[in-house]
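Undergrad: So that you have it, the file is my_file_1.csv, and it contains CSV, C-alpha atoms:
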```
chain,number,residue,atom,x,y,z
A,198,MET,CA,-0.9,-21.0,-4.2
A,199,TRP,CA,-4.5,-20.2,-5.0
A,200,VAL,CA,-7.2,-17.7,-3.9
A,201,PHE,CA,-10.7,-18.6,-5.1
A,202,VAL,CA,-13.6,-16.1,-5.0
A,203,GLU,CA,-17.3,-16.7,-5.8
A,204,ASP,CA,-17.8,-14.3,-8.7
A,205,VAL,CA,-15.8,-13.1,-11.7
A,206,TYR,CA,-15.7,-9.4,-10.6
A,207,GLY,CA,-14.3,-10.5,-7.2
A,208,VAL,CA,-11.3,-12.0,-9.1
A,209,GLU,CA,-10.2,-8.7,-10.4
A,210,PHE,CA,-10.9,-7.0,-7.1
A,211,HIS,CA,-8.7,-9.5,-5.2
A,212,LYS,CA,-5.9,-9.4,-7.8
A,213,GLU,CA,-5.7,-5.6,-7.3
A,214,ILE,CA,-5.8,-5.9,-3.5
A,215,ILE,CA,-3.1,-8.6,-3.5
A,216,THR,CA,-0.9,-6.5,-5.7
A,217,GLN,CA,-1.2,-3.6,-3.4
A,218,LEU,CA,-0.4,-5.8,-0.4
A,219,ARG,CA,2.7,-7.1,-2.2
A,220,ASP,CA,3.7,-3.6,-3.2
A,221,ARG,CA,3.4,-2.4,0.4
A,222,GLY,CA,5.5,-5.4,1.7
A,223,PHE,CA,2.7,-7.3,3.5
A,224,ILE,CA,3.3,-10.3,1.3
A,225,LYS,CA,6.2,-11.3,-0.9
A,226,ARG,CA,4.6,-13.8,-3.3
A,227,VAL,CA,1.4,-13.4,-5.2
A,228,PRO,CA,-1.0,-16.3,-5.4
A,229,ARG,CA,-3.1,-17.1,-8.5
A,230,VAL,CA,-6.7,-15.7,-8.1
A,231,ARG,CA,-9.5,-17.5,-9.9
A,232,LYS,CA,-13.3,-17.8,-9.8
A,233,LEU,CA,-14.4,-20.7,-7.7
A,234,PRO,CA,-15.0,-23.6,-10.1
A,235,SER,CA,-18.4,-24.5,-8.6
A,236,ARG,CA,-20.9,-23.3,-6.1
A,237,LEU,CA,-19.8,-23.5,-2.4
A,238,CYS,CA,-22.4,-26.2,-1.5
A,239,ASN,CA,-21.6,-28.5,-4.4
A,240,PRO,CA,-20.5,-32.1,-3.5
A,241,GLY,CA,-18.1,-32.0,-6.4
A,242,LEU,CA,-16.3,-28.9,-5.1
A,243,SER,CA,-13.3,-31.0,-3.8
A,244,GLY,CA,-12.8,-32.7,-7.2
A,245,LYS,CA,-13.2,-29.5,-9.2
A,246,LEU,CA,-10.6,-27.7,-7.0
A,247,ALA,CA,-8.2,-30.6,-7.3
A,248,SER,CA,-8.5,-30.5,-11.1
A,249,VAL,CA,-8.0,-26.7,-11.3
A,250,THR,CA,-5.1,-26.6,-8.9
A,251,HIS,CA,-3.4,-29.8,-10.2
A,252,GLY,CA,-3.0,-31.1,-6.6
A,253,GLU,CA,-1.4,-27.9,-5.3
A,254,GLU,CA,-3.6,-27.6,-2.2
A,255,ARG,CA,-2.6,-24.3,-0.6
A,256,ILE,CA,-5.9,-22.6,-1.1
A,257,ILE,CA,-7.9,-19.6,0.3
A,258,ILE,CA,-11.6,-19.6,-0.4
A,259,VAL,CA,-13.1,-16.1,0.0
A,260,ILE,CA,-16.8,-16.1,0.9
A,261,ASP,CA,-18.8,-12.9,0.5
A,262,ASP,CA,-22.2,-14.5,1.1
A,263,GLY,CA,-24.9,-12.8,3.1
A,264,ARG,CA,-25.2,-16.1,5.1
A,265,PRO,CA,-21.5,-16.7,6.0
A,266,ASP,CA,-22.3,-19.4,8.6
A,267,GLN,CA,-24.2,-21.6,6.1
A,268,ALA,CA,-21.6,-21.0,3.4
A,269,LEU,CA,-18.7,-21.8,5.7
A,270,ALA,CA,-20.4,-25.0,6.9
A,271,GLY,CA,-21.0,-26.1,3.2
A,272,VAL,CA,-17.3,-25.5,2.4
A,273,HIS,CA,-16.1,-27.5,5.3
A,274,ARG,CA,-18.6,-30.3,4.6
A,275,HIS,CA,-17.5,-30.6,1.0
A,276,LEU,CA,-13.8,-30.3,1.6
A,277,LYS,CA,-13.4,-32.6,4.7
A,278,ARG,CA,-10.3,-34.3,3.4
A,279,TRP,CA,-8.6,-31.0,2.7
A,280,LYS,CA,-9.5,-29.2,6.0
A,281,GLU,CA,-5.9,-28.8,7.1
A,282,LEU,CA,-4.8,-27.5,3.6
A,283,PHE,CA,-7.1,-24.6,3.0
A,284,ARG,CA,-8.3,-21.5,4.7
A,285,VAL,CA,-11.7,-19.8,4.4
A,286,VAL,CA,-12.0,-16.0,4.7
A,287,LEU,CA,-15.3,-14.3,5.3
A,288,VAL,CA,-15.9,-10.8,3.9
A,289,ASN,CA,-18.4,-9.1,6.1
A,290,PRO,CA,-21.0,-9.1,4.5
A,291,ARG,CA,-19.7,-8.9,0.9
A,292,HIS,CA,-16.9,-7.4,-1.2
A,293,GLU,CA,-18.7,-4.2,-1.7
A,294,ALA,CA,-18.3,-3.5,2.0
A,295,TRP,CA,-14.5,-3.7,1.6
A,296,LEU,CA,-14.7,-1.5,-1.5
A,297,CYS,CA,-16.8,1.1,0.4
A,298,ILE,CA,-14.4,1.1,3.4
A,299,GLY,CA,-11.3,1.2,1.2
A,300,LEU,CA,-12.7,4.2,-0.7
A,301,GLY,CA,-13.2,6.0,2.6
A,302,LEU,CA,-16.9,6.3,2.1
A,303,ALA,CA,-17.9,5.5,5.7
A,304,ARG,CA,-18.2,9.0,7.0
A,305,ARG,CA,-20.5,8.2,9.9
A,306,GLY,CA,-18.9,4.9,10.8
A,307,VAL,CA,-18.1,1.6,9.2
A,308,GLY,CA,-21.7,0.4,9.8
A,309,GLU,CA,-22.7,2.4,6.8
A,310,CYS,CA,-20.4,0.3,4.5
A,311,ARG,CA,-21.4,-2.9,6.2
A,312,ASP,CA,-25.1,-2.3,5.9
A,313,SER,CA,-25.6,-0.6,2.5
A,314,PRO,CA,-22.3,-0.3,0.6
A,315,GLU,CA,-23.9,-0.1,-2.8
A,316,ASP,CA,-25.8,3.0,-1.8
A,317,LEU,CA,-22.6,4.8,-0.7
A,318,ILE,CA,-20.7,3.7,-3.8
A,319,GLU,CA,-23.6,5.0,-6.0
A,320,ARG,CA,-23.5,8.4,-4.3
A,321,HIS,CA,-19.7,8.5,-4.7
A,322,VAL,CA,-19.6,7.7,-8.4
A,323,GLY,CA,-22.9,9.4,-9.3
A,324,ALA,CA,-24.3,6.4,-11.1
A,325,PRO,CA,-26.2,3.2,-10.2
A,326,TYR,CA,-24.0,0.5,-8.8
A,327,THR,CA,-23.1,-2.4,-11.1
A,328,LYS,CA,-20.9,-5.4,-10.3
A,329,PRO,CA,-18.2,-4.4,-12.8
A,330,MET,CA,-17.6,-1.3,-10.5
A,331,LEU,CA,-16.0,-3.7,-8.0
A,332,ALA,CA,-13.1,-4.4,-10.3
A,333,ARG,CA,-12.9,-0.9,-11.8
A,334,LEU,CA,-12.8,1.0,-8.5
A,335,SER,CA,-10.4,-1.5,-6.8
A,336,ARG,CA,-7.4,0.6,-7.9
A,337,ARG,CA,-8.6,3.5,-5.7
A,338,VAL,CA,-8.9,1.3,-2.5
A,339,SER,CA,-6.7,2.3,0.5
A,340,ILE,CA,-5.2,-0.8,2.1
A,341,ASP,CA,-4.6,1.3,5.2
A,342,LEU,CA,-8.3,1.9,5.7
A,343,LEU,CA,-9.1,-1.8,5.3
A,344,LEU,CA,-6.3,-2.9,7.7
A,345,ARG,CA,-8.3,-1.5,10.6
A,346,PHE,CA,-10.9,-4.3,10.3
A,347,GLU,CA,-10.8,-7.8,11.6
A,348,ASP,CA,-12.1,-9.5,8.5
A,349,PHE,CA,-9.5,-7.9,6.3
A,350,GLN,CA,-6.8,-8.6,8.8
A,351,ALA,CA,-7.8,-12.3,8.7
A,352,TYR,CA,-7.5,-12.2,4.9
A,353,VAL,CA,-4.0,-10.7,5.1
A,354,GLY,CA,-3.1,-13.3,7.7
A,355,ALA,CA,-4.4,-16.1,5.5
A,356,LEU,CA,-2.4,-14.8,2.5
A,357,ARG,CA,0.8,-14.6,4.6
A,358,GLU,CA,0.2,-18.1,5.8
A,359,LEU,CA,-0.5,-19.3,2.3
A,360,THR,CA,2.6,-17.7,0.8
A,361,GLY,CA,4.8,-18.7,3.7
A,362,ASP,CA,5.6,-15.0,4.5
A,363,PRO,CA,6.5,-14.3,8.1
```
For the structure just supplied, provide its representation as structure tokens.
TA:
Amino acid sequence: MWVFVEDVYGVEFHKEIITQLRDRGFIKRVPRVRKLPSRLCNPGLSGKLASVTHGEERIIIVIDDGRPDQALAGVHRHLKRWKELFRVVLVNPRHEAWLCIGLGLARRGVGECRDSPEDLIERHVGAPYTKPMLARLSRRVSIDLLLRFEDFQAYVGALRELTGDP
């Protein structure tokens, strides 16, 4: 069981979120979380995933790209032979939105966190936003706040399917 994310800071973020989901009973088993071994639109993506997973093809690929339709099409194009064996989850529009929502920073509505999450995070921590904050602040995220949103629910559903949890 594997979860692949696009950047190194997303790896730690997802490890923490998955641990919280396990601790809260949403999933029983924890998949391995790794950085995607190549760019999404790389013709060698299929081979690289196969070499990393050693043929274990139960995979979730998390996309937090500002152009999710293009990224999704690229993944499906390069993983045609695996299309029944993997799931793609789109974070709308990127991981920082989930961090912002999970920290409870959307005071005037979730649109704030979807549109400019880094600004809200900066105000919250009192410092300029940097990518390492994604991992560092993940321990403070409330799963309950995230569970209200369709993209996070799709993520939990894909994890449950991947791990075989009912």
Undergrad: Mind checking which residues fall within 8 Å of Leu359 (chain A), counting all atoms listed in the file, ignoring those fewer than 2 positions away in the same chain, and posting them as a PyMOL selection string?
TA: chain A and resi 198+255-257+355-357+361-362
Undergrad: Which one of A:Ser248, A:Ile260, A:Phe223, A:Leu218 sits closest to Val202 (chain A) if you count all atoms listed in the file?
TA: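 Distance minimum relative to Val202 (chain A) lands on A:Ile260.
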Undergrad: Could you please determine the separation between CA of Arg336 (chain A) and CA of Lys232 (chain A) in Å, to one decimal place?
TA: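 Computing the Euclidean distance for CA of Arg336 (chain A) and CA of Lys232 (chain A) yields 19.4 Å.
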Undergrad: Of the candidates A:Phe201, A:Tyr352, A:Phe210, A:Phe283, which shows the shortest atom-to-atom distance to Lys328 (chain A), using only C-alpha atoms?
TA: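 Checking each candidate against Lys328 (chain A), we get A:Phe210 as the closest.
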Undergrad: When you draw a straight line from CA of Arg291 (chain A) to CA of Asp261 (chain A), how long is it in Å?
TA: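 Taking CA of Arg291 (chain A) as the start and CA of Asp261 (chain A) as the end point, the length is 4.1 Å.
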Undergrad: So how many Å separate CA of Glu203 (chain A) and CA of Ala351 (chain A), to one decimal?
TA: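 Computing the Euclidean distance for CA of Glu203 (chain A) and CA of Ala351 (chain A) yields 17.9 Å.
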Undergrad: Pick out the closest residue to Ser235 (chain A) from this set: A:Val338, A:Ile215, A:Val272, A:Leu343. Count all atoms listed in the file.
TA: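 Distance minimum relative to Ser235 (chain A) lands on A:Val272.
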Undergrad: With only C-alpha atoms as the counted atoms, please give the residues lying no more than 10 Å from Ser339 (chain A), apart from itself and same-chain residues fewer than 5 positions off, as a PyMOL selection string.
TA: chain A and resi 214+217+295-296+298-301+344
Undergrad: Val288 (chain A): which residues within 10 Å, counting only C-alpha atoms, same-chain residues fewer than 2 positions away excluded, as a list in words?
TA: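 Using only C-alpha atoms, the neighbours found are Val259, Ile260, Asp261, Asp262, Gly263, Pro265, Val285, Val286, Pro290, Arg291, His292, Glu293, Ala294, Trp295, Arg311, Glu347, Asp348, Phe349, Ala351 and Tyr352 of chain A.
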